[in-house]
Amino acid sequence: MKTKTLEIEGVSVLFKRSERARRISISVTPLCEVRVNVPGSSSFEKAEQFLLSKMGWVRKQIAKIKNYESEQELLRFSYEEEAAAKIKLVNRLANLAEKHGFTYNRVTIRSQKTRWGSCSAKNNISLNIKLAKLPDELMEYVILHELVHTRVKNHSPLFWQELDKFVPNAKQMRKRLKQYSGALYF
């Protein structure tokens with residue numbers, strides 16, 4: 001038998017014989033499918049026992065995937081929402097720059113997978129459109145973070161000192177923002 005599917009603790013699990021596998025391994029896919037690779041030298045029963053010993057880990061992975069999917073859903077945009085989000089971010093950038101005496105060249109708004117924003121050496125600012133769906137204080141933190149980079153081009157203590165003038169407890173805001181980092185990757 002090459003494959004076997006079982007329902008274990010309410011989770012559908014595919015056990016698959018693999019001649020290339022050297023040990024029993026478990027994977028959980030983005031669709032919350034659980035797969036157990038079973039080497040030729042092991043039995044399906046031994047693989048099932050191994051899986052049972054790792055069910056806590058499996059449930060954690062499924063919960064992470066479901067949390068990630070719900071974050072993605074929250075940060076999806078319709079065409080109309082996307083247009084409104086771009087206007088919102090461009091206006092907020094302009095208002096904060098004027099209020100605090102910053103200057104920048106161009107602004108680009110797009111969906112990015114690895115960062116919330118960036119500032120180039122030429123003071124061009126790029127903002128992730130998903131910022132528009134974050135709480136306002138986090139959106140403003142990212143915008144001010146990038147505006148401070150127009151003056152300080154690194155993350156030295158001087159940068160954080162400067163950012164703290166505009167965003168009290170900037171490092172705390174940075175930690176809060178990390179809670180949303182899974183939403184970047186879609």
# chains A, B, ... in the order shown; residues from 1 in each chain; ligands from 1
>>> closest_atom_pairs(of="stretch 63-147 of chain A", to="stretch 21-36 of chain A", cutoff="10 Å", atoms="only C-alpha atoms", output="JSON lines")
{"residue": "A:Ala63", "atom": "CA", "partner": "A:Cys32", "partner_atom": "CA", "distance": 9.0}
{"residue": "A:Lys64", "atom": "CA", "partner": "A:Pro30", "partner_atom": "CA", "distance": 9.7}
{"residue": "A:Ile65", "atom": "CA", "partner": "A:Pro30", "partner_atom": "CA", "distance": 6.2}
{"residue": "A:Lys66", "atom": "CA", "partner": "A:Cys32", "partner_atom": "CA", "distance": 8.1}
{"residue": "A:Tyr68", "atom": "CA", "partner": "A:Pro30", "partner_atom": "CA", "distance": 9.4}
{"residue": "A:Glu69", "atom": "CA", "partner": "A:Pro30", "partner_atom": "CA", "distance": 8.8}
>>> select_by_dssp(residues="stretch 19-90 of chain A", states="helix (DSSP H, G or I)", output="VMD selection string")
chain A and resid 44 to 53 55 to 74 79 to 90
>>> residues_around(residues="stretch 154-169 of chain A", least_positions_apart="5", cutoff="12 Å", atoms="only C-alpha atoms", output="number ranges by chain")
A: 96-97, 99-102, 118-121, 137-149, 174-176
>>> write_last_selection(atoms="N, CA and C atoms", output="compact mmCIF listing (two decimals), in the first residue's frame")
# COMPACT_ATOMS: atom_id res chain seq x y z
N LEU A 96 1.52 64.65 7.27
CA LEU A 96 2.54 64.45 8.30
C LEU A 96 3.85 65.12 7.93
N ALA A 97 4.21 65.07 6.66
CA ALA A 97 5.44 65.73 6.20
C ALA A 97 5.36 67.23 6.42
N LYS A 99 3.30 68.88 8.51
CA LYS A 99 3.16 69.15 9.94
C LYS A 99 4.51 69.13 10.66
N HIS A 100 5.40 68.20 10.25
CA HIS A 100 6.67 68.02 10.96
C HIS A 100 7.88 68.54 10.19
N GLY A 101 7.67 69.21 9.06
CA GLY A 101 8.76 69.83 8.32
C GLY A 101 9.65 68.87 7.53
N PHE A 102 9.10 67.77 7.06
CA PHE A 102 9.86 66.83 6.25
C PHE A 102 9.65 67.13 4.77
N SER A 118 9.46 51.98 2.68
CA SER A 118 10.89 52.18 2.49
C SER A 118 11.14 53.61 2.03
N CYS A 119 12.39 54.04 2.22
CA CYS A 119 12.81 55.37 1.77
C CYS A 119 14.14 55.21 1.06
N SER A 120 14.21 55.64 -0.19
CA SER A 120 15.43 55.49 -0.98
C SER A 120 16.44 56.57 -0.63
N ALA A 121 17.64 56.43 -1.16
CA ALA A 121 18.69 57.43 -0.95
C ALA A 121 18.29 58.79 -1.53
N GLU A 137 -2.73 54.54 14.25
CA GLU A 137 -1.46 54.85 14.91
C GLU A 137 -0.31 54.03 14.32
N LEU A 138 -0.58 52.81 13.85
CA LEU A 138 0.47 52.01 13.22
C LEU A 138 0.77 52.51 11.82
N MET A 139 -0.27 52.90 11.08
CA MET A 139 -0.07 53.49 9.76
C MET A 139 0.81 54.74 9.88
N GLU A 140 0.47 55.60 10.83
CA GLU A 140 1.25 56.84 11.02
C GLU A 140 2.67 56.54 11.49
N TYR A 141 2.83 55.52 12.32
CA TYR A 141 4.17 55.14 12.76
C TYR A 141 5.04 54.80 11.55
N VAL A 142 4.52 53.98 10.63
CA VAL A 142 5.30 53.58 9.45
C VAL A 142 5.61 54.79 8.59
N ILE A 143 4.64 55.64 8.38
CA ILE A 143 4.86 56.84 7.54
C ILE A 143 5.92 57.73 8.18
N LEU A 144 5.81 57.99 9.47
CA LEU A 144 6.81 58.82 10.15
C LEU A 144 8.18 58.14 10.17
N HIS A 145 8.19 56.83 10.30
CA HIS A 145 9.44 56.07 10.24
C HIS A 145 10.15 56.36 8.92
N GLU A 146 9.40 56.29 7.82
CA GLU A 146 10.00 56.54 6.51
C GLU A 146 10.39 58.01 6.34
N LEU A 147 9.59 58.92 6.87
CA LEU A 147 9.94 60.34 6.79
C LEU A 147 11.22 60.64 7.56
N VAL A 148 11.41 60.02 8.70
CA VAL A 148 12.65 60.22 9.47
C VAL A 148 13.84 59.71 8.66
N HIS A 149 13.63 58.67 7.85
CA HIS A 149 14.72 58.18 7.00
C HIS A 149 15.14 59.21 5.95
N ARG A 174 6.83 49.53 16.94
CA ARG A 174 7.47 48.55 16.06
C ARG A 174 7.07 47.13 16.46
N LYS A 175 7.05 46.85 17.76
CA LYS A 175 6.64 45.54 18.26
C LYS A 175 5.17 45.27 17.93
N ARG A 176 4.32 46.28 18.09
CA ARG A 176 2.90 46.11 17.75
C ARG A 176 2.73 45.80 16.28
>>> select_by_dssp(residues="stretch 7-179 of chain A", states="strand (DSSP E or B)", output="PyMOL selection string")
chain A and resi 7-8+11-18+25-28+34-39+107-110+117-119+125-128
>>> residues_around(residues="A:Asn124", least_positions_apart="6", cutoff="7 Å", atoms="only C-alpha atoms", output="VMD selection string")
chain A and resid 104 to 107
